[in-house]
Amino acid sequence: MDRMVEIARFQYPADAQVLMALLKSEGIECYLRNELSTQILSHIDVGGARLEILESDVPRAMEIMKAGGFEIPGENESPEAINNAANWMSHIPFLKKYSLPVQMILLSILVILALALFIGL
């Protein structure tokens with residue numbers, strides 16, 4: 001069974017629509033992960049909307065992306081903002097044992113609770 005793999009990441013989900021339309025027109029099924037969380041938490045960098053396809057479609061999709069003028073991601077490439085957030089959060093002891101998305105959610109909850117307590121006083 002094929003697994004889904006990320007082929008592109010976009011700060012704004014609307015930016016992914018052009019590539020999704022191109023790939024779908026060539027018969028490649030796409031899924032946009034984190035679309036809603038990226039829209040709802042637009043003021044927080046949650047890693048962007050991730051365009052995913054079946055692993056077996058990757059070589060063909062890369063050819064289509066290249067022909068369409070899209071940037072081809074390097075292997076194990078991660079956006080700089082995500083690396084910065086991960087490095088910063090790795091210094092918080094109780095967050096180290098969680099994955100980056102869980103760290104961001106927990107930190108957001110803590111900030112919201114602290115603001116609620118501060119405003120409530």
# chains A, B, ... in the order shown; residues from 1 in each chain; ligands from 1

call {"tool": "residues_around", "arguments": {"residues": "segment 13-26 of chain A", "least_positions_apart": "4", "cutoff": "7 Å", "atoms": "only C-alpha atoms", "output": "PDB file with all heavy atoms, in the first residue's frame"}}
result
ATOM      1  N   CYS A  30      -4.270  14.601  -4.901  1.00  0.00           N
ATOM      2  CA  CYS A  30      -3.554  15.416  -3.916  1.00  0.00           C
ATOM      3  C   CYS A  30      -4.380  15.565  -2.648  1.00  0.00           C
ATOM      4  O   CYS A  30      -5.607  15.488  -2.677  1.00  0.00           O
ATOM      5  CB  CYS A  30      -3.299  16.816  -4.459  1.00  0.00           C
ATOM      6  SG  CYS A  30      -2.477  16.886  -6.037  1.00  0.00           S
ATOM      7  N   GLU A  35      -4.526  22.444   6.225  1.00  0.00           N
ATOM      8  CA  GLU A  35      -5.161  23.571   5.542  1.00  0.00           C
ATOM      9  C   GLU A  35      -5.927  24.449   6.533  1.00  0.00           C
ATOM     10  O   GLU A  35      -5.729  25.667   6.567  1.00  0.00           O
ATOM     11  CB  GLU A  35      -6.101  23.067   4.452  1.00  0.00           C
ATOM     12  CG  GLU A  35      -6.796  24.166   3.693  1.00  0.00           C
ATOM     13  CD  GLU A  35      -7.661  23.643   2.558  1.00  0.00           C
ATOM     14  OE1 GLU A  35      -7.911  22.426   2.481  1.00  0.00           O
ATOM     15  OE2 GLU A  35      -8.078  24.468   1.741  1.00  0.00           O
ATOM     16  N   ALA A  49       0.735  24.775   5.077  1.00  0.00           N
ATOM     17  CA  ALA A  49      -0.128  23.768   4.466  1.00  0.00           C
ATOM     18  C   ALA A  49       0.762  22.846   3.643  1.00  0.00           C
ATOM     19  O   ALA A  49       1.594  23.295   2.868  1.00  0.00           O
ATOM     20  CB  ALA A  49      -1.177  24.440   3.590  1.00  0.00           C
ATOM     21  N   ALA A  61       5.162  13.600 -10.491  1.00  0.00           N
ATOM     22  CA  ALA A  61       4.780  14.916  -9.957  1.00  0.00           C
ATOM     23  C   ALA A  61       5.965  15.876  -9.988  1.00  0.00           C
ATOM     24  O   ALA A  61       5.800  17.065 -10.282  1.00  0.00           O
ATOM     25  CB  ALA A  61       4.257  14.774  -8.534  1.00  0.00           C
TER      26      ALA A  61
END

call {"tool": "residues_around", "arguments": {"residues": "Arg33 of chain A", "least_positions_apart": "4", "cutoff": "12 Å", "atoms": "only C-alpha atoms", "output": "list in words"}}
result
Met4, Val5, Glu6, Ile7, Ala8, Arg9, Phe10, Gln11, Tyr12, Pro13, Ala16, Ser37, Thr38, Gln39, Val46, Gly47, Gly48, Ala49, Arg50, Leu51, Glu52 and Ile53 of chain A

call {"tool": "write_last_selection", "arguments": {"atoms": "N, CA and C atoms", "output": "PDB file, in the first residue's frame"}}
result
ATOM      1  N   MET A   4       1.308   8.335   1.838  1.00  0.00           N
ATOM      2  CA  MET A   4       1.266   9.724   1.404  1.00  0.00           C
ATOM      3  C   MET A   4       2.572  10.397   1.797  1.00  0.00           C
ATOM      4  N   VAL A   5       3.124  11.215   0.884  1.00  0.00           N
ATOM      5  CA  VAL A   5       4.360  11.939   1.159  1.00  0.00           C
ATOM      6  C   VAL A   5       4.177  13.409   0.788  1.00  0.00           C
ATOM      7  N   GLU A   6       4.859  14.255   1.532  1.00  0.00           N
ATOM      8  CA  GLU A   6       4.800  15.687   1.286  1.00  0.00           C
ATOM      9  C   GLU A   6       5.708  16.048   0.114  1.00  0.00           C
ATOM     10  N   ILE A   7       5.162  16.829  -0.827  1.00  0.00           N
ATOM     11  CA  ILE A   7       5.993  17.266  -1.958  1.00  0.00           C
ATOM     12  C   ILE A   7       6.174  18.779  -1.989  1.00  0.00           C
ATOM     13  N   ALA A   8       5.330  19.501  -1.240  1.00  0.00           N
ATOM     14  CA  ALA A   8       5.457  20.961  -1.213  1.00  0.00           C
ATOM     15  C   ALA A   8       4.785  21.492   0.045  1.00  0.00           C
ATOM     16  N   ARG A   9       5.258  22.650   0.476  1.00  0.00           N
ATOM     17  CA  ARG A   9       4.700  23.299   1.661  1.00  0.00           C
ATOM     18  C   ARG A   9       4.472  24.771   1.344  1.00  0.00           C
ATOM     19  N   PHE A  10       3.319  25.274   1.774  1.00  0.00           N
ATOM     20  CA  PHE A  10       2.941  26.646   1.471  1.00  0.00           C
ATOM     21  C   PHE A  10       2.530  27.363   2.755  1.00  0.00           C
ATOM     22  N   GLN A  11       2.908  28.623   2.866  1.00  0.00           N
ATOM     23  CA  GLN A  11       2.531  29.407   4.041  1.00  0.00           C
ATOM     24  C   GLN A  11       1.022  29.640   4.059  1.00  0.00           C
ATOM     25  N   TYR A  12       0.458  29.874   2.882  1.00  0.00           N
ATOM     26  CA  TYR A  12      -0.980  30.118   2.773  1.00  0.00           C
ATOM     27  C   TYR A  12      -1.601  29.013   1.912  1.00  0.00           C
ATOM     28  N   PRO A  13      -2.675  28.374   2.403  1.00  0.00           N
ATOM     29  CA  PRO A  13      -3.303  27.292   1.650  1.00  0.00           C
ATOM     30  C   PRO A  13      -3.732  27.690   0.242  1.00  0.00           C
ATOM     31  N   ALA A  16      -1.362  26.937  -2.535  1.00  0.00           N
ATOM     32  CA  ALA A  16      -1.221  25.537  -2.947  1.00  0.00           C
ATOM     33  C   ALA A  16      -2.208  25.153  -4.042  1.00  0.00           C
ATOM     34  N   SER A  37      -5.837  24.457   9.973  1.00  0.00           N
ATOM     35  CA  SER A  37      -5.031  25.005  11.074  1.00  0.00           C
ATOM     36  C   SER A  37      -4.156  26.162  10.596  1.00  0.00           C
ATOM     37  N   THR A  38      -3.701  26.101   9.358  1.00  0.00           N
ATOM     38  CA  THR A  38      -2.909  27.200   8.799  1.00  0.00           C
ATOM     39  C   THR A  38      -3.772  28.441   8.620  1.00  0.00           C
ATOM     40  N   GLN A  39      -5.027  28.259   8.223  1.00  0.00           N
ATOM     41  CA  GLN A  39      -5.932  29.401   8.055  1.00  0.00           C
ATOM     42  C   GLN A  39      -6.331  29.984   9.404  1.00  0.00           C
ATOM     43  N   VAL A  46       2.648  27.421  11.954  1.00  0.00           N
ATOM     44  CA  VAL A  46       2.391  26.029  12.313  1.00  0.00           C
ATOM     45  C   VAL A  46       3.013  25.064  11.315  1.00  0.00           C
ATOM     46  N   GLY A  47       3.867  25.569  10.465  1.00  0.00           N
ATOM     47  CA  GLY A  47       4.541  24.712   9.502  1.00  0.00           C
ATOM     48  C   GLY A  47       3.955  24.763   8.114  1.00  0.00           C
ATOM     49  N   GLY A  48       2.885  25.498   7.940  1.00  0.00           N
ATOM     50  CA  GLY A  48       2.317  25.674   6.615  1.00  0.00           C
ATOM     51  C   GLY A  48       1.412  24.545   6.180  1.00  0.00           C
ATOM     52  N   ALA A  49       0.735  24.775   5.077  1.00  0.00           N
ATOM     53  CA  ALA A  49      -0.128  23.768   4.466  1.00  0.00           C
ATOM     54  C   ALA A  49       0.762  22.846   3.643  1.00  0.00           C
ATOM     55  N   ARG A  50       0.582  21.554   3.817  1.00  0.00           N
ATOM     56  CA  ARG A  50       1.458  20.564   3.184  1.00  0.00           C
ATOM     57  C   ARG A  50       0.722  19.806   2.093  1.00  0.00           C
ATOM     58  N   LEU A  51       1.242  19.895   0.900  1.00  0.00           N
ATOM     59  CA  LEU A  51       0.648  19.192  -0.235  1.00  0.00           C
ATOM     60  C   LEU A  51       1.232  17.782  -0.276  1.00  0.00           C
ATOM     61  N   GLU A  52       0.343  16.787  -0.201  1.00  0.00           N
ATOM     62  CA  GLU A  52       0.770  15.391  -0.165  1.00  0.00           C
ATOM     63  C   GLU A  52       0.167  14.611  -1.320  1.00  0.00           C
ATOM     64  N   ILE A  53       0.951  13.647  -1.804  1.00  0.00           N
ATOM     65  CA  ILE A  53       0.508  12.744  -2.868  1.00  0.00           C
ATOM     66  C   ILE A  53       0.971  11.334  -2.517  1.00  0.00           C
TER      67      ILE A  53
END

call {"tool": "closest_residue", "arguments": {"among": "A:Ala114, A:Phe70, A:Arg3, A:Leu95", "to": "Val58 of chain A", "atoms": "only C-alpha atoms"}}
result
A:Arg3

call {"tool": "atom_distance", "arguments": {"atom1": "atom CA of Asp57 of chain A", "atom2": "atom CA of Glu29 of chain A"}}
result
8.7 Å

call {"tool": "atom_distance", "arguments": {"atom1": "atom CA of Gly69 of chain A", "atom2": "atom CA of Gly27 of chain A"}}
result
18.5 Å

call {"tool": "select_by_dssp", "arguments": {"residues": "segment 4-76 of chain A", "states": "alpha helix (DSSP H)", "output": "number ranges by chain"}}
result
A: 13-25, 35-40, 58-67

call {"tool": "atom_distance", "arguments": {"atom1": "atom CA of Ile28 of chain A", "atom2": "atom CA of Ser56 of chain A"}}
result
10.1 Å
